[in-house]
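**Q** File model01.csv below, CSV, C-alpha atoms:
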chain,number,residue,atom,x,y,z
R,281,ALA,CA,36.9,-98.1,-75.0
R,282,ASP,CA,40.3,-97.4,-76.4
R,283,THR,CA,42.9,-100.1,-76.8
R,284,ASP,CA,46.7,-100.2,-77.1
R,285,VAL,CA,46.5,-99.3,-80.8
R,286,ARG,CA,44.6,-96.3,-82.3
R,287,TRP,CA,43.0,-98.4,-85.1
R,288,CYS,CA,41.1,-100.7,-82.6
R,289,GLU,CA,38.4,-100.2,-80.0
R,290,LYS,CA,36.9,-102.5,-77.4
R,291,VAL,CA,33.1,-102.5,-77.8
R,292,THR,CA,30.9,-104.1,-75.1
R,293,LEU,CA,27.1,-104.5,-75.3
R,294,ASP,CA,24.4,-106.2,-73.2
R,295,PHE,CA,21.8,-108.3,-74.8
R,296,LEU,CA,18.4,-109.3,-73.3
R,297,ASN,CA,16.2,-111.9,-74.9
R,298,THR,CA,12.6,-110.7,-74.3
R,299,GLY,CA,11.1,-113.5,-76.5
R,300,ASP,CA,9.8,-116.9,-75.5
R,301,ARG,CA,12.4,-119.0,-77.3
R,302,PRO,CA,16.2,-119.2,-77.1
R,303,VAL,CA,18.2,-117.2,-79.7
R,304,THR,CA,20.6,-119.7,-81.2
R,305,THR,CA,22.3,-117.9,-84.1
R,306,GLY,CA,23.1,-114.3,-84.9
R,307,THR,CA,25.5,-111.6,-85.7
R,308,VAL,CA,26.2,-108.0,-84.7
R,309,THR,CA,27.4,-105.5,-87.2
R,310,PHE,CA,29.4,-102.4,-86.1
R,311,GLY,CA,29.8,-99.2,-88.0
R,312,THR,CA,33.2,-97.7,-86.9
R,313,HIS,CA,33.7,-94.1,-87.9
R,314,ILE,CA,37.2,-92.8,-88.6
R,315,ILE,CA,37.4,-89.3,-87.1
R,316,GLY,CA,40.1,-86.7,-88.1
R,317,ALA,CA,41.9,-84.4,-85.8
R,318,LEU,CA,39.4,-81.6,-86.5
R,319,GLY,CA,36.4,-83.9,-85.9
R,320,ILE,CA,35.7,-84.6,-89.5
R,321,ASP,CA,34.1,-88.1,-90.1
R,322,TRP,CA,36.3,-89.4,-92.9
R,323,ALA,CA,34.8,-92.9,-93.4
R,324,THR,CA,32.7,-95.6,-91.8
R,325,ILE,CA,34.0,-99.2,-91.9
R,326,THR,CA,31.6,-102.1,-91.0
R,327,SER,CA,32.5,-105.3,-89.4
R,328,THR,CA,30.4,-108.3,-88.4
R,329,HIS,CA,30.9,-110.5,-85.4
R,330,LYS,CA,29.0,-113.5,-83.8
R,331,LEU,CA,26.6,-112.8,-81.0
R,332,PRO,CA,27.3,-114.3,-77.5
R,333,LEU,CA,24.9,-117.2,-77.9
R,334,PRO,CA,22.8,-119.2,-77.0
R,335,LEU,CA,20.7,-116.7,-75.2
R,336,ALA,CA,17.8,-118.1,-73.2
R,337,PRO,CA,14.4,-116.4,-72.9
R,338,ASP,CA,14.3,-113.6,-70.2
R,339,ARG,CA,18.1,-113.8,-69.8
R,340,LYS,CA,20.7,-111.1,-70.2
R,341,LYS,CA,24.2,-111.7,-71.6
R,342,SER,CA,27.2,-109.3,-72.3
R,343,GLY,CA,29.5,-109.5,-75.3
R,344,SER,CA,32.8,-107.8,-75.9
R,345,TRP,CA,34.6,-107.5,-79.2
R,346,ARG,CA,37.9,-105.9,-80.3
R,347,VAL,CA,36.8,-103.9,-83.4
R,348,CYS,CA,39.7,-102.9,-85.7
R,349,VAL,CA,40.2,-101.3,-89.0
R,350,ASP,CA,43.3,-101.3,-91.2
R,351,GLY,CA,46.0,-99.4,-89.4
R,352,TRP,CA,46.7,-97.2,-92.5
R,353,ARG,CA,43.2,-95.8,-92.3
R,354,VAL,CA,43.9,-94.1,-88.9
R,355,PRO,CA,47.1,-92.0,-89.2
R,356,ALA,CA,48.5,-90.2,-86.1
R,357,GLY,CA,46.0,-87.6,-84.8
R,358,MET,CA,42.9,-89.5,-85.9
R,359,HIS,CA,40.8,-91.9,-83.8
R,360,LEU,CA,37.8,-94.3,-84.0
R,361,ASP,CA,34.3,-94.0,-82.8
R,362,THR,CA,32.1,-97.1,-83.1
R,363,ARG,CA,28.6,-95.7,-83.1
R,364,ASP,CA,26.4,-97.8,-85.3
R,365,VAL,CA,25.1,-101.2,-84.3
R,366,ALA,CA,22.8,-103.6,-86.1
R,367,PHE,CA,21.7,-107.1,-85.1
R,368,SER,CA,20.5,-110.2,-87.0
R,369,TRP,CA,19.4,-113.3,-85.1
R,370,LYS,CA,17.3,-116.4,-85.3
R,371,LYS,CA,15.3,-118.0,-82.6
R,372,ALA,CA,15.1,-121.7,-82.0
R,373,PRO,CA,12.1,-123.4,-83.7
R,374,GLY,CA,8.9,-123.3,-81.6
R,375,LYS,CA,7.2,-126.3,-80.2
With the file now loaded, output its structure as structure tokens.
**A**
Amino acid sequence: ADTDVRWCEKVTLDFLNTGDRPVTTGTVTFGTHIIGALGIDWATITSTHKLPLPLAPDRKKSGSWRVCVDGWRVPAGMHLDTRDVAFSWKKAPGK
């Protein structure tokens, strides 16, 4: 979603732990594309954020982040589009 500045977006995701142990540590990495006025994808900037943890087995949790790039990268007429998402996580040790 858009924010009050053109170089930031609000990104919200839902997470579901389908495993049998809690997820206790992890990150989400976003790829935010800088799009020009004519639709040209000028650059992709990555940012990494903590996951909303802990996440118990068979539980769902939402997370929201304000994802920003340097303001100078997004001149007037350009906008952001955060499209790429990657996750890294660790489960609690098994019994």
**Q** Report as a ChimeraX atom specification all protein, DNA and RNA residues lying within 9 Å of Thr292 of chain R, evaluated on all atoms listed in the file, omitting residues in the same chain fewer than 6 positions from it.
**A** /R:281,342-346
**Q** Find the spatial neighbours of Arg363 of chain R, counting all atoms listed in the file, within a cut-off of 7 Å - ignore same-chain residues fewer than 2 positions away - and output them as a list in words.
**A**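 Residues meeting the cut-off are Gly311, Thr312, Asp361 and Val365 of chain R.
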**Q** List the residues sitting within 12 Å of (40.7, -88.0, -87.2) in the file's frame, using only C-alpha atoms, as a list in words.
**A**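 Result, sorted by chain then residue number: Arg286, Trp287, His313, Ile314, Ile315, Gly316, Ala317, Leu318, Gly319, Ile320, Asp321, Trp322, Ala323, Thr324, Arg353, Val354, Pro355, Ala356, Gly357, Met358, His359, Leu360 and Asp361 of chain R.
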**Q** Leaving out segment 307-310 of chain R and any residue of its chain fewer than 4 positions from it, which residues lie within 6 Å of it when counting only C-alpha atoms, given as a list of chain:residue names?
**A** R:Thr326, R:Ser327, R:Thr328, R:His329, R:Lys330, R:Leu331, R:Asp364, R:Val365, R:Ala366, R:Phe367, R:Ser368
**Q** Any chance you could export the current selection's C-alpha atoms as an mmCIF file, in the coordinates of the input?
**A**
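Saved result, result-v8.cif, follows:
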data_model
loop_
_atom_site.group_PDB
_atom_site.id
_atom_site.type_symbol
_atom_site.label_atom_id
_atom_site.label_comp_id
_atom_site.auth_asym_id
_atom_site.auth_seq_id
_atom_site.Cartn_x
_atom_site.Cartn_y
_atom_site.Cartn_z
ATOM 1 C CA THR R 326 31.600 -102.100 -91.000
ATOM 2 C CA SER R 327 32.500 -105.300 -89.400
ATOM 3 C CA THR R 328 30.400 -108.300 -88.400
ATOM 4 C CA HIS R 329 30.900 -110.500 -85.400
ATOM 5 C CA LYS R 330 29.000 -113.500 -83.800
ATOM 6 C CA LEU R 331 26.600 -112.800 -81.000
ATOM 7 C CA ASP R 364 26.400 -97.800 -85.300
ATOM 8 C CA VAL R 365 25.100 -101.200 -84.300
ATOM 9 C CA ALA R 366 22.800 -103.600 -86.100
ATOM 10 C CA PHE R 367 21.700 -107.100 -85.100
ATOM 11 C CA SER R 368 20.500 -110.200 -87.000
#
**Q** For Cys288 of chain R, which residue out of R:Pro302, R:Pro373, R:Gly351, R:Pro337 is the nearest one, using all atoms listed in the file?
**A**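 Nearest candidate to Cys288 of chain R out of R:Pro302, R:Pro373, R:Gly351, R:Pro337: R:Gly351.
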**Q** May I ask which of the residues R:Ala336, R:Ala372, R:Thr362, R:Thr305 is the closest one to Cys348 of chain R, counting only C-alpha atoms?
**A** R:Thr362
**Q** How would segment 345-363 of chain R of the given structure read as a file with N, CA, C and O atoms, as a compact mmCIF listing (two decimals), in the first residue's frame?
**A**
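decode.txt was written with the following content:
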# COMPACT_ATOMS: atom_id res chain seq x y z
N TRP R 345 5.18 -4.11 7.47
CA TRP R 345 6.44 -3.38 7.49
C TRP R 345 6.31 -2.14 6.62
O TRP R 345 5.64 -2.14 5.60
N ARG R 346 6.99 -1.09 7.02
CA ARG R 346 7.14 0.09 6.19
C ARG R 346 8.46 -0.10 5.46
O ARG R 346 9.53 -0.07 6.08
N VAL R 347 8.38 -0.34 4.16
CA VAL R 347 9.56 -0.62 3.35
C VAL R 347 9.91 0.65 2.58
O VAL R 347 9.09 1.17 1.82
N CYS R 348 11.12 1.16 2.80
CA CYS R 348 11.54 2.43 2.20
C CYS R 348 12.87 2.26 1.46
O CYS R 348 13.67 1.40 1.79
N VAL R 349 13.07 3.11 0.47
CA VAL R 349 14.36 3.25 -0.20
C VAL R 349 14.81 4.69 -0.01
O VAL R 349 14.05 5.53 0.47
N ASP R 350 16.04 5.00 -0.38
CA ASP R 350 16.51 6.38 -0.29
C ASP R 350 15.61 7.28 -1.14
O ASP R 350 15.30 6.95 -2.29
N GLY R 351 15.20 8.41 -0.58
CA GLY R 351 14.29 9.31 -1.27
C GLY R 351 14.80 9.78 -2.62
O GLY R 351 14.02 9.94 -3.57
N TRP R 352 16.10 9.95 -2.77
CA TRP R 352 16.66 10.44 -4.03
C TRP R 352 16.48 9.43 -5.16
O TRP R 352 16.56 9.78 -6.33
N ARG R 353 16.21 8.16 -4.82
CA ARG R 353 16.03 7.13 -5.84
C ARG R 353 14.66 7.20 -6.52
O ARG R 353 14.44 6.55 -7.53
N VAL R 354 13.74 7.96 -5.93
CA VAL R 354 12.36 7.99 -6.43
C VAL R 354 11.94 9.44 -6.71
O VAL R 354 11.17 10.04 -5.96
N PRO R 355 12.44 10.02 -7.81
CA PRO R 355 12.04 11.39 -8.14
C PRO R 355 10.55 11.48 -8.44
O PRO R 355 9.89 10.46 -8.65
N ALA R 356 10.04 12.70 -8.49
CA ALA R 356 8.62 12.92 -8.81
C ALA R 356 8.27 12.19 -10.11
O ALA R 356 9.05 12.18 -11.06
N GLY R 357 7.10 11.56 -10.11
CA GLY R 357 6.64 10.81 -11.28
C GLY R 357 7.00 9.33 -11.23
O GLY R 357 6.48 8.55 -12.02
N MET R 358 7.88 8.93 -10.33
CA MET R 358 8.25 7.52 -10.18
C MET R 358 7.55 6.96 -8.95
O MET R 358 7.07 7.71 -8.10
N HIS R 359 7.50 5.64 -8.87
CA HIS R 359 6.86 5.01 -7.71
C HIS R 359 7.53 3.67 -7.41
O HIS R 359 8.37 3.20 -8.17
N LEU R 360 7.13 3.08 -6.30
CA LEU R 360 7.67 1.79 -5.86
C LEU R 360 6.67 0.68 -6.11
O LEU R 360 5.46 0.90 -6.12
N ASP R 361 7.19 -0.53 -6.26
CA ASP R 361 6.36 -1.73 -6.37
C ASP R 361 7.15 -2.87 -5.72
O ASP R 361 8.07 -3.41 -6.33
N THR R 362 6.80 -3.21 -4.48
CA THR R 362 7.48 -4.31 -3.79
C THR R 362 6.84 -5.61 -4.23
O THR R 362 5.70 -5.89 -3.90
N ARG R 363 7.57 -6.39 -5.04
CA ARG R 363 7.02 -7.61 -5.65
C ARG R 363 7.73 -8.88 -5.21
O ARG R 363 7.17 -9.95 -5.34
